[in-house]
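For reference, the structure discussed in these notes is given below.
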Amino acid sequence: MTDAAVPLARKGSRAWRSLRRNPSAIVGAVIVIPIILLAVFAPVLPIADPNATSWTAIRLPPSAQYWLGTDEIGRDILSRMIWGARASLLAGVISVAIALVTGVPLGLLAGYFGGWVDMVISRITEALLAMPFLIMAIALAAFLGPSLTNAMIAIGLSAMPIIIRLTRGQVLAVKAEDYVEGARAVGLNHIEIMGRYILPNIVPPIIVQATLTVATAIIAEASLSFLGLGQQAPAASWGSMLNTAKNFLTQAPTYALFPGLAIFLVVVGFNLLGDGLREALDPREN
Amino acid sequence: MTAPILSVRNLTTAFRTEEGWREVVRNIGFDIHAGETVAVVGESGSGKSVTSLSIMRLLDPHQSRISGQVMVQGRNLLDLTERQMQDVRGNEIAMIFQEPMTSLNPAYTVGRQIAEVLIRHKAMDKAQARTAAIAIMERVRIPNPDRRFDQYPHEFSGGMRQRVMIAMALAARPKLLIADEPTTALDVTIQGQILDLIKELQAEYGMAVLFITHDMGVVAEIADRTVVMFRGDQVETGSTDHVFRRADHPYSRALLAAVPALGAMEGQGQPLRFPRVDMASGAIAPLPPMARPVDRSAAPLLSVRNLVTRFDVKAGLLNRPVSAVHAVEGVSFDLWAGETLALVGESGCGKSTTGRSIMRLVEPRSGAITLQGQDVLALKGAQMQAMRRDIQMIFQDPFSSLNPRMTVGQAVAEPLVKHGIARGKAARARAGELLDQVGLSPAMMDRYPHEFSGGQRQRVAIARVLGLEPKLIVADESVSALDVSIKAQVCNLLMDLQERLGISLLFISHDMAVVERISHRVAVMYLGEIVEIGSREAVFGNPQHAYTQKLIAAVPVPDPDRRLLRRNTPIDELKSPVHPLGYTPPRREWRNVGQDHLVMV
């Protein structure tokens with residue numbers, strides 16, 4: 001109660017404190033952080049070269065030498081999993097970030113200003129939504145050229161329309177609250193109102209949607225890799241590993257198991273983190 | 001004496017919370033006999049609605065625990081299975097709720113919803129149910145029941161929907177009707193009609209009625225006996241007359257003292273503060289009237305001339321305007337420094353739109369607004385932001401008028417920073433002073449709005465606008481959602497601030513009794529127009545326009561002698577202010593009946 005010069009100074013620390021005490025955030029972090037660390041430190045870890053093939057060790061089950069076994073051309077699955085985590089996490093996180101950075105402002109503008117701004121943004125969004133998510137991602141990726149970066153852009157742009165629509169709807173609901181009109185009445189301008197009064201109040205559903213989209217994006221990257229539009233061979237991603245592994249389900253069932261499990265864990269981890277973040281940001285949850 | 005219809009003994013209800021079971025209603029006990037009305041009154045959180053829901057067993061069984069006895073016709077309802085309860089609900093006990101707009105199913109016709117009760121409980125076939133339902137609709141005075149049977153809820157006004165709810169409730173001829181705030185959401189003239197209807201039907205069917213309300217005026221008009229609840233306890237039970245005149249419990253006396261009564265201001269020249277009431281001891285200390293006189297020889301602070309605000313109603317493929325809501329039509333008035341002008345009227349009369357038009361939160365179509373000699377409608381950009389310092393607004397709903405993601409300290413400091421009055425530590429310090437001025441502790445600055453009660457939030461909203469040192473505050477139903485004791489405190493705060501700082505108030509309200517207390521002058525609005533304007537004494541003491549008279553007569557007064565009163569007002573609905581494009585409103589003339597008391601001819 002003593003100082004805190006700027007009143008805004010407390011908010012971040014309160015949310016952070018609450019996040020550290022939140023059980024779902026902790027579980028989410030326990031799942032996600034080790035995977036991120038593994039991905040980041042892949043080059044310095046004492047693991048086999050992910051692209052080194054061996055004709056003597058094809059489709060081996062897990063063993064002391066190959067902890068998770070080997071794939072159809074004798075590469076070490078563990079080391080491919082760790083290197084593949086980079087592509088998959090990037091695809092998941094960056095493409096969702098692209099969707100948020102483009103979608104949230106457009107949704108805000110459409111919902112806040114209404115009129116012709118809304119008309120233009122909403123009609124285009126509807127047209128984009130009419131196209132199935134994956135078809136659009138494939139079309140965009142093909143147009144941009146095959147590479148992981150372009151795949152992330154394509155996935156991000158394909159996920160954007162849903163974010164726009166969600167944001168717009170939330171803005172319309174919050175805009176009707178008295179405090180927004182009150183903010184106009186004390187003389188705040190549009191940017192201040194959008195930034196301080198509307199955005200903080202529409203964050204929760206957007207976080208939920210974003211964490212779900214991380215999962216979709218990881219799987220979409222897998223599909224693009226399968227078509228040769230995402231991660232380029234021989235570099236690994238979980239999606240491309242899963243895609244190859246499905247051809248050997250009967251011969252080497254554990255091959256498909258590990259990338260599948262990894263995708264599952266990351267998705268669960270991000271969802272839990274998102275839940276925790278949503279609760280931590282809401283002052284009413286304490 | 002015959003056995004009571006409903007006999008409640010030791011009713012205790014507990015809710016599951018994170019800290020375990022918490023009792024919200026304790027040891028309630030009362031009887032209701034046939035033909036009798038018992039009112040349960042109390043402020044929000046007193047447990048009055050929980051009591052009625054417990055009797056009907058409508059609470060979630062996993063989250064609540066009910067003990068005691070609820071005897072209806074020799075059976076304890078609390079011992080029945082859920083299946084048996086379904087035969088009791090709607091059949092032996094019926095219930096009507098507060099919000100007529102959401103308590104009907106919008107997907108089915110009104111007639112079908114009434115008929116359903118008859119088919120379910122009286123084993124009628126469809127044709128019989130239709131005939132019976134039409135008869136009941138006629139009984140609750142819904143005009144043209146044959147035609148309206150096949151209409152959907154959205155085609156009914158609020159008052160008419162509440163009649164439909166009553167028809168549904170009464171369809172199975174229940175022995176007990178539970179009415180939970182049935183008139184709270186209705187306009188005052190409609191409220192009078194609904195109270196009349198309930199009294200009439202009760203006399204005819206000999207029903208017992210359990211009436212839940214916070215409005216002491218309604219209690220005085222309808223209840224034979226009254227139960228007063230306070231924080232989950234039944235503090236007083238007795239005849240309405242006894243409770244109103246010789247209440248035993250200090251809380252009952254305090255509650256009654258805090259209620260503004262229409263007509264209590266006769267002979268008072270100045271607005272009068274509500275007496276200070278100590279809720280614990282019931283001691284009442286009158287406070288002085290406003291001392292600061294209004295100087296009407298000076299130029300008015302705010303001058304509004306022929307203000308017109310309309311909203312287009314758009315339809316069709318191209319979304320073209322097809323008609324317009326004439327929300328504000330030719331409104332003119334003056335407001336002097338340090339004066340309170342009340343705009344009163346029923347929902348949809350344009351009183352809020354008038355306030356918002358003056359602040360240019362909505363753009364008026366035409367007219368002139370002058371604030372301290374400056375033409376408000378001509379302002380642009382920065383000048384407009386500056387004008388927004390001088391006129392401030394306080395809203396109705398304390399639960400939606402503060403940003404839930406900002407601490408109250410931030411909320412109060414924000415306008416200061418925005419207008420460059422103070423920044424950083426100074427802004428924070430000033431915010432503390434402002435909170436102190438409205439009776440809150442500056443130590444509460446780092447809390448979020450959800451940690452405050454409704455009255456406290458309204459104080460925060462006032463502190464937020466006070467920092468800008470506004471000349472005029474538009475208070476849009478700012479005390480309407482508050483409990484009586486809190487309402488009195490917030491009104492007193494507004495009067496204190498006006499006296500100290502010379503702020504003018506445009507007090508928008510539908511609550512005639514509060515308006516009588518707080519205002520210097522009153523303007524009555526109907527369908528977008530001011531039909532009567534004058535000093536408070538003149539408008540309340542000598543109302544000239546037929547609508548003003550009707551409005552004043554409809555207000556329930558907390559006086560048990562008026563219990564047998566029937567208003568017999570004709571059943572009508574508020575007319576619509578929607579007109580086709582190109583409609584020219586008629587020219588209006590005002591007659592001066594003395595001392596600037598103007599009445600529309």
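By convention in this document, the chains of the structure tokens carry letters A, B, ... by their order, each chain's residues are numbered from 1, and ligands are numbered from 1 in the order they are shown.
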
Spatial neighbours of range 200-211 of chain A, max dist 6 Å, only C-alpha atoms, sep filter under 2 positions, as JSON, numbers by chain: {"A": [170, 198, 213, 214, 270, 271, 274, 278]}

Those selected residues, please, written with C-alpha atoms and delivered as a PDB file, in the first residue's frame.
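Generated file (selection_27.pdb):
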ATOM      1  CA  GLN A 170     -16.577 -10.826 -28.200  1.00  0.00           C
ATOM      2  CA  ILE A 198     -12.082  -4.006 -24.720  1.00  0.00           C
ATOM      3  CA  THR A 213      -5.340 -23.962 -32.586  1.00  0.00           C
ATOM      4  CA  VAL A 214      -1.781 -24.871 -31.547  1.00  0.00           C
ATOM      5  CA  PHE A 270      -0.630 -26.011 -24.143  1.00  0.00           C
ATOM      6  CA  ASN A 271      -4.283 -26.394 -23.249  1.00  0.00           C
ATOM      7  CA  GLY A 274      -3.845 -21.672 -21.653  1.00  0.00           C
ATOM      8  CA  ARG A 278      -6.863 -17.379 -18.657  1.00  0.00           C
TER       9      ARG A 278
END

As a PyMOL selection string, please: all residues of range 36-230 of chain A that backbone DSSP puts in alpha helix (DSSP H). chain A and resi 36-40+77-113+115-129+133-144+148-175+178-185+190-192+199-226

Spatial neighbours of Phe30 in chain B, 10 Å, only C-alpha atoms, chain gap at least 5 places, as a list in words: Pro4, Leu6, Ser7, Val8, Arg9, Asn10, Leu11, Val38, Val70, Arg225, Thr226, Val227, Gln234, Thr237 and Gly238 of chain B

Which residues of chain B come within 6 Å of chain A, and for each one, what is the closest pair of atoms and their distance in Å to one decimal, counting only C-alpha atoms, sorted by chain and residue number, as a Markdown table?
| residue | atom | partner | partner_atom | distance |
| --- | --- | --- | --- | --- |
| B:Gln385 | CA | A:Gly187 | CA | 5.1 |
| B:Arg388 | CA | A:Gly187 | CA | 5.5 |
| B:Ser400 | CA | A:Asp178 | CA | 5.5 |
| B:Ser401 | CA | A:Tyr179 | CA | 4.2 |
| B:Leu402 | CA | A:Tyr179 | CA | 5.0 |
| B:Asn403 | CA | A:Tyr179 | CA | 5.7 |
| B:Gln410 | CA | A:Pro7 | CA | 5.7 |
| B:Gly424 | CA | A:Val6 | CA | 5.0 |
| B:Lys425 | CA | A:Ala5 | CA | 4.9 |

Test item: residues at most 10 Å from range 253-269 of chain A, only C-alpha atoms, excluding those fewer than 3 positions along its chain, as a PDB file with N, CA and C atoms, in the first residue's frame:
ATOM      1  N   SER A  24      -3.300 -26.021 -12.964  1.00  0.00           N
ATOM      2  CA  SER A  24      -3.257 -26.471 -14.351  1.00  0.00           C
ATOM      3  C   SER A  24      -2.087 -25.833 -15.089  1.00  0.00           C
ATOM      4  N   ALA A  25      -1.742 -24.596 -14.722  1.00  0.00           N
ATOM      5  CA  ALA A  25      -0.596 -23.967 -15.353  1.00  0.00           C
ATOM      6  C   ALA A  25       0.687 -24.726 -15.002  1.00  0.00           C
ATOM      7  N   ILE A  26       0.779 -25.190 -13.753  1.00  0.00           N
ATOM      8  CA  ILE A  26       1.984 -25.897 -13.334  1.00  0.00           C
ATOM      9  C   ILE A  26       2.121 -27.209 -14.112  1.00  0.00           C
ATOM     10  N   VAL A  27       1.025 -27.969 -14.188  1.00  0.00           N
ATOM     11  CA  VAL A  27       1.079 -29.230 -14.921  1.00  0.00           C
ATOM     12  C   VAL A  27       1.434 -28.964 -16.384  1.00  0.00           C
ATOM     13  N   GLY A  28       0.786 -27.940 -16.976  1.00  0.00           N
ATOM     14  CA  GLY A  28       1.061 -27.590 -18.367  1.00  0.00           C
ATOM     15  C   GLY A  28       2.529 -27.254 -18.563  1.00  0.00           C
ATOM     16  N   ALA A  29       3.084 -26.478 -17.624  1.00  0.00           N
ATOM     17  CA  ALA A  29       4.481 -26.061 -17.741  1.00  0.00           C
ATOM     18  C   ALA A  29       5.410 -27.266 -17.602  1.00  0.00           C
ATOM     19  N   VAL A  30       5.044 -28.176 -16.685  1.00  0.00           N
ATOM     20  CA  VAL A  30       5.873 -29.367 -16.477  1.00  0.00           C
ATOM     21  C   VAL A  30       5.921 -30.203 -17.755  1.00  0.00           C
ATOM     22  N   ILE A  31       4.848 -30.192 -18.530  1.00  0.00           N
ATOM     23  CA  ILE A  31       4.848 -30.951 -19.788  1.00  0.00           C
ATOM     24  C   ILE A  31       5.588 -30.188 -20.881  1.00  0.00           C
ATOM     25  N   VAL A  32       5.266 -28.901 -21.022  1.00  0.00           N
ATOM     26  CA  VAL A  32       5.724 -28.167 -22.190  1.00  0.00           C
ATOM     27  C   VAL A  32       7.191 -27.738 -22.078  1.00  0.00           C
ATOM     28  N   ILE A  33       7.591 -27.275 -20.884  1.00  0.00           N
ATOM     29  CA  ILE A  33       8.944 -26.701 -20.763  1.00  0.00           C
ATOM     30  C   ILE A  33      10.048 -27.710 -21.092  1.00  0.00           C
ATOM     31  N   ILE A  35       9.969 -30.189 -23.100  1.00  0.00           N
ATOM     32  CA  ILE A  35       9.970 -30.421 -24.552  1.00  0.00           C
ATOM     33  C   ILE A  35      10.623 -29.243 -25.259  1.00  0.00           C
ATOM     34  N   ILE A  36      10.287 -28.034 -24.794  1.00  0.00           N
ATOM     35  CA  ILE A  36      10.897 -26.849 -25.406  1.00  0.00           C
ATOM     36  C   ILE A  36      12.411 -26.872 -25.199  1.00  0.00           C
ATOM     37  N   ARG A  59      14.032 -50.311 -38.792  1.00  0.00           N
ATOM     38  CA  ARG A  59      12.803 -50.589 -38.044  1.00  0.00           C
ATOM     39  C   ARG A  59      13.066 -51.458 -36.819  1.00  0.00           C
ATOM     40  N   LEU A  60      14.041 -51.024 -36.002  1.00  0.00           N
ATOM     41  CA  LEU A  60      14.310 -51.770 -34.779  1.00  0.00           C
ATOM     42  C   LEU A  60      13.374 -51.297 -33.673  1.00  0.00           C
ATOM     43  N   PRO A  61      12.973 -52.222 -32.795  1.00  0.00           N
ATOM     44  CA  PRO A  61      12.179 -51.803 -31.628  1.00  0.00           C
ATOM     45  C   PRO A  61      13.091 -51.073 -30.646  1.00  0.00           C
ATOM     46  N   PRO A  62      12.514 -50.438 -29.631  1.00  0.00           N
ATOM     47  CA  PRO A  62      13.331 -49.739 -28.632  1.00  0.00           C
ATOM     48  C   PRO A  62      14.334 -50.692 -28.000  1.00  0.00           C
ATOM     49  N   LEU A  68      14.294 -45.355 -28.577  1.00  0.00           N
ATOM     50  CA  LEU A  68      12.926 -45.405 -29.123  1.00  0.00           C
ATOM     51  C   LEU A  68      12.897 -46.192 -30.431  1.00  0.00           C
ATOM     52  N   GLY A  69      13.964 -46.887 -30.727  1.00  0.00           N
ATOM     53  CA  GLY A  69      14.002 -47.681 -31.949  1.00  0.00           C
ATOM     54  C   GLY A  69      14.516 -46.874 -33.135  1.00  0.00           C
ATOM     55  N   THR A  70      14.406 -47.485 -34.323  1.00  0.00           N
ATOM     56  CA  THR A  70      14.865 -46.794 -35.537  1.00  0.00           C
ATOM     57  C   THR A  70      13.751 -46.803 -36.568  1.00  0.00           C
ATOM     58  N   ASP A  71      13.891 -45.956 -37.594  1.00  0.00           N
ATOM     59  CA  ASP A  71      12.834 -45.879 -38.607  1.00  0.00           C
ATOM     60  C   ASP A  71      13.179 -46.740 -39.823  1.00  0.00           C
ATOM     61  N   GLU A  72      12.437 -46.520 -40.911  1.00  0.00           N
ATOM     62  CA  GLU A  72      12.522 -47.456 -42.026  1.00  0.00           C
ATOM     63  C   GLU A  72      13.847 -47.382 -42.779  1.00  0.00           C
ATOM     64  N   ILE A  77      15.130 -42.829 -33.875  1.00  0.00           N
ATOM     65  CA  ILE A  77      13.851 -42.131 -33.686  1.00  0.00           C
ATOM     66  C   ILE A  77      13.959 -41.090 -32.575  1.00  0.00           C
ATOM     67  N   LEU A  78      14.651 -41.435 -31.476  1.00  0.00           N
ATOM     68  CA  LEU A  78      14.773 -40.481 -30.371  1.00  0.00           C
ATOM     69  C   LEU A  78      15.383 -39.181 -30.871  1.00  0.00           C
ATOM     70  N   ARG A  80      15.535 -38.044 -33.899  1.00  0.00           N
ATOM     71  CA  ARG A  80      14.629 -37.381 -34.853  1.00  0.00           C
ATOM     72  C   ARG A  80      13.460 -36.710 -34.124  1.00  0.00           C
ATOM     73  N   MET A  81      13.013 -37.349 -33.029  1.00  0.00           N
ATOM     74  CA  MET A  81      11.929 -36.765 -32.240  1.00  0.00           C
ATOM     75  C   MET A  81      12.373 -35.429 -31.651  1.00  0.00           C
ATOM     76  N   GLY A  84      12.811 -33.019 -34.388  1.00  0.00           N
ATOM     77  CA  GLY A  84      11.470 -32.754 -34.952  1.00  0.00           C
ATOM     78  C   GLY A  84      10.642 -31.848 -34.057  1.00  0.00           C
ATOM     79  N   ALA A  85      10.923 -31.868 -32.762  1.00  0.00           N
ATOM     80  CA  ALA A  85      10.188 -31.009 -31.840  1.00  0.00           C
ATOM     81  C   ALA A  85      10.337 -29.549 -32.245  1.00  0.00           C
ATOM     82  N   SER A  88       7.904 -28.886 -35.106  1.00  0.00           N
ATOM     83  CA  SER A  88       6.508 -28.977 -34.695  1.00  0.00           C
ATOM     84  C   SER A  88       6.118 -27.851 -33.747  1.00  0.00           C
ATOM     85  N   LEU A  89       6.990 -27.574 -32.769  1.00  0.00           N
ATOM     86  CA  LEU A  89       6.665 -26.490 -31.835  1.00  0.00           C
ATOM     87  C   LEU A  89       6.606 -25.154 -32.562  1.00  0.00           C
ATOM     88  N   GLY A  92       3.479 -24.966 -34.503  1.00  0.00           N
ATOM     89  CA  GLY A  92       2.333 -24.743 -33.630  1.00  0.00           C
ATOM     90  C   GLY A  92       2.285 -23.318 -33.114  1.00  0.00           C
ATOM     91  N   THR A 211      -4.989 -21.898 -27.824  1.00  0.00           N
ATOM     92  CA  THR A 211      -4.346 -23.145 -27.393  1.00  0.00           C
ATOM     93  C   THR A 211      -4.891 -24.326 -28.192  1.00  0.00           C
ATOM     94  N   LEU A 212      -6.187 -24.277 -28.524  1.00  0.00           N
ATOM     95  CA  LEU A 212      -6.723 -25.359 -29.351  1.00  0.00           C
ATOM     96  C   LEU A 212      -6.110 -25.310 -30.747  1.00  0.00           C
ATOM     97  N   THR A 213      -5.877 -24.093 -31.237  1.00  0.00           N
ATOM     98  CA  THR A 213      -5.340 -23.962 -32.586  1.00  0.00           C
ATOM     99  C   THR A 213      -3.891 -24.447 -32.666  1.00  0.00           C
ATOM    100  N   VAL A 214      -3.149 -24.346 -31.551  1.00  0.00           N
ATOM    101  CA  VAL A 214      -1.781 -24.871 -31.547  1.00  0.00           C
ATOM    102  C   VAL A 214      -1.809 -26.338 -31.978  1.00  0.00           C
ATOM    103  N   ALA A 215      -2.744 -27.095 -31.413  1.00  0.00           N
ATOM    104  CA  ALA A 215      -2.861 -28.508 -31.758  1.00  0.00           C
ATOM    105  C   ALA A 215      -3.170 -28.683 -33.236  1.00  0.00           C
ATOM    106  N   THR A 216      -4.176 -27.934 -33.714  1.00  0.00           N
ATOM    107  CA  THR A 216      -4.551 -28.024 -35.130  1.00  0.00           C
ATOM    108  C   THR A 216      -3.356 -27.692 -36.019  1.00  0.00           C
ATOM    109  N   ILE A 218      -0.114 -27.977 -35.398  1.00  0.00           N
ATOM    110  CA  ILE A 218       0.911 -29.023 -35.416  1.00  0.00           C
ATOM    111  C   ILE A 218       0.497 -30.129 -36.386  1.00  0.00           C
ATOM    112  N   ILE A 219      -0.779 -30.472 -36.347  1.00  0.00           N
ATOM    113  CA  ILE A 219      -1.259 -31.536 -37.225  1.00  0.00           C
ATOM    114  C   ILE A 219      -1.284 -31.046 -38.673  1.00  0.00           C
ATOM    115  N   SER A 237      10.045 -33.658 -38.659  1.00  0.00           N
ATOM    116  CA  SER A 237       9.025 -33.035 -37.814  1.00  0.00           C
ATOM    117  C   SER A 237       8.117 -34.161 -37.354  1.00  0.00           C
ATOM    118  N   TRP A 238       7.423 -33.947 -36.220  1.00  0.00           N
ATOM    119  CA  TRP A 238       6.595 -35.032 -35.677  1.00  0.00           C
ATOM    120  C   TRP A 238       5.533 -35.453 -36.689  1.00  0.00           C
ATOM    121  N   GLY A 239       5.019 -34.442 -37.372  1.00  0.00           N
ATOM    122  CA  GLY A 239       3.960 -34.729 -38.329  1.00  0.00           C
ATOM    123  C   GLY A 239       4.473 -35.612 -39.456  1.00  0.00           C
ATOM    124  N   SER A 240       5.634 -35.268 -39.998  1.00  0.00           N
ATOM    125  CA  SER A 240       6.115 -36.073 -41.120  1.00  0.00           C
ATOM    126  C   SER A 240       6.496 -37.467 -40.644  1.00  0.00           C
ATOM    127  N   MET A 241       6.994 -37.578 -39.389  1.00  0.00           N
ATOM    128  CA  MET A 241       7.337 -38.909 -38.850  1.00  0.00           C
ATOM    129  C   MET A 241       6.080 -39.759 -38.732  1.00  0.00           C
ATOM    130  N   LEU A 242       5.026 -39.137 -38.214  1.00  0.00           N
ATOM    131  CA  LEU A 242       3.765 -39.861 -38.035  1.00  0.00           C
ATOM    132  C   LEU A 242       3.246 -40.323 -39.390  1.00  0.00           C
ATOM    133  N   ASN A 243       3.372 -39.458 -40.362  1.00  0.00           N
ATOM    134  CA  ASN A 243       2.877 -39.775 -41.690  1.00  0.00           C
ATOM    135  C   ASN A 243       3.609 -40.965 -42.293  1.00  0.00           C
ATOM    136  N   THR A 244       4.923 -41.016 -42.100  1.00  0.00           N
ATOM    137  CA  THR A 244       5.674 -42.151 -42.624  1.00  0.00           C
ATOM    138  C   THR A 244       5.343 -43.401 -41.818  1.00  0.00           C
ATOM    139  N   ALA A 245       5.258 -43.200 -40.485  1.00  0.00           N
ATOM    140  CA  ALA A 245       5.086 -44.355 -39.601  1.00  0.00           C
ATOM    141  C   ALA A 245       3.787 -45.096 -39.879  1.00  0.00           C
ATOM    142  N   LYS A 246       2.779 -44.368 -40.367  1.00  0.00           N
ATOM    143  CA  LYS A 246       1.486 -45.033 -40.533  1.00  0.00           C
ATOM    144  C   LYS A 246       1.568 -46.133 -41.591  1.00  0.00           C
ATOM    145  N   ASN A 247       2.589 -46.079 -42.465  1.00  0.00           N
ATOM    146  CA  ASN A 247       2.750 -47.133 -43.464  1.00  0.00           C
ATOM    147  C   ASN A 247       3.304 -48.421 -42.855  1.00  0.00           C
ATOM    148  N   PHE A 248       3.857 -48.315 -41.638  1.00  0.00           N
ATOM    149  CA  PHE A 248       4.518 -49.487 -41.039  1.00  0.00           C
ATOM    150  C   PHE A 248       3.841 -49.883 -39.735  1.00  0.00           C
ATOM    151  N   LEU A 249       2.549 -49.589 -39.634  1.00  0.00           N
ATOM    152  CA  LEU A 249       1.871 -49.826 -38.365  1.00  0.00           C
ATOM    153  C   LEU A 249       1.979 -51.275 -37.912  1.00  0.00           C
ATOM    154  N   THR A 250       1.877 -52.210 -38.855  1.00  0.00           N
ATOM    155  CA  THR A 250       1.931 -53.613 -38.444  1.00  0.00           C
ATOM    156  C   THR A 250       3.356 -54.066 -38.179  1.00  0.00           C
ATOM    157  N   LEU A 272      -3.522 -26.837 -20.986  1.00  0.00           N
ATOM    158  CA  LEU A 272      -3.471 -26.584 -19.547  1.00  0.00           C
ATOM    159  C   LEU A 272      -2.850 -25.214 -19.269  1.00  0.00           C
ATOM    160  N   LEU A 273      -1.791 -24.916 -19.994  1.00  0.00           N
ATOM    161  CA  LEU A 273      -1.154 -23.602 -19.824  1.00  0.00           C
ATOM    162  C   LEU A 273      -2.139 -22.491 -20.157  1.00  0.00           C
ATOM    163  N   GLY A 274      -2.872 -22.681 -21.241  1.00  0.00           N
ATOM    164  CA  GLY A 274      -3.845 -21.672 -21.653  1.00  0.00           C
ATOM    165  C   GLY A 274      -4.911 -21.471 -20.595  1.00  0.00           C
ATOM    166  N   ASP A 275      -5.403 -22.588 -20.044  1.00  0.00           N
ATOM    167  CA  ASP A 275      -6.394 -22.498 -18.966  1.00  0.00           C
ATOM    168  C   ASP A 275      -5.851 -21.706 -17.807  1.00  0.00           C
TER     169      ASP A 275
END

Hey, what does DSSP flag as strand (DSSP E or B) within range 399-520 of chain B? Can you give it to me as a count of residues only? 11

Leaving out Ala39 in chain A and any residue of its chain fewer than 2 positions from it, which residues lie within 6 Å of it when counting only C-alpha atoms, given as an mmCIF file with C-alpha atoms, in the first residue's frame?
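Once written, selection-v7.cif looks like this:
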data_model
loop_
_atom_site.group_PDB
_atom_site.id
_atom_site.type_symbol
_atom_site.label_atom_id
_atom_site.label_comp_id
_atom_site.auth_asym_id
_atom_site.auth_seq_id
_atom_site.Cartn_x
_atom_site.Cartn_y
_atom_site.Cartn_z
ATOM 1 C CA ILE A 36 10.897 -26.849 -25.406
ATOM 2 C CA LEU A 37 14.269 -27.250 -23.671
ATOM 3 C CA PHE A 41 19.291 -27.725 -26.980
ATOM 4 C CA ALA A 42 19.017 -30.436 -29.664
ATOM 5 C CA ILE A 82 14.090 -34.212 -30.466
ATOM 6 C CA ALA A 85 10.188 -31.009 -31.840
ATOM 7 C CA ARG A 86 11.749 -27.830 -33.209
#

Which residues come within 12 Å of Gly111 in chain A, counting only C-alpha atoms, excluding same-chain residues fewer than 2 positions away, as a PyMOL selection string? chain A and resi 103-109+113-122+164-176+194+198-199+202

Extract, using only C-alpha atoms, all DNA, RNA and protein residues at most 7 Å from Leu229 in chain A, discarding same-chain residues fewer than 5 positions from it, and format them as an NGL selection string. :A and (141-142 or 146-147 or 151 or 224)

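Ranking B:Ala220, B:Cys349, B:Met207, B:Leu256 by their shortest atom-to-atom distance to Ser239 in chain B, with only C-alpha atoms included, puts B:Ala220 first.
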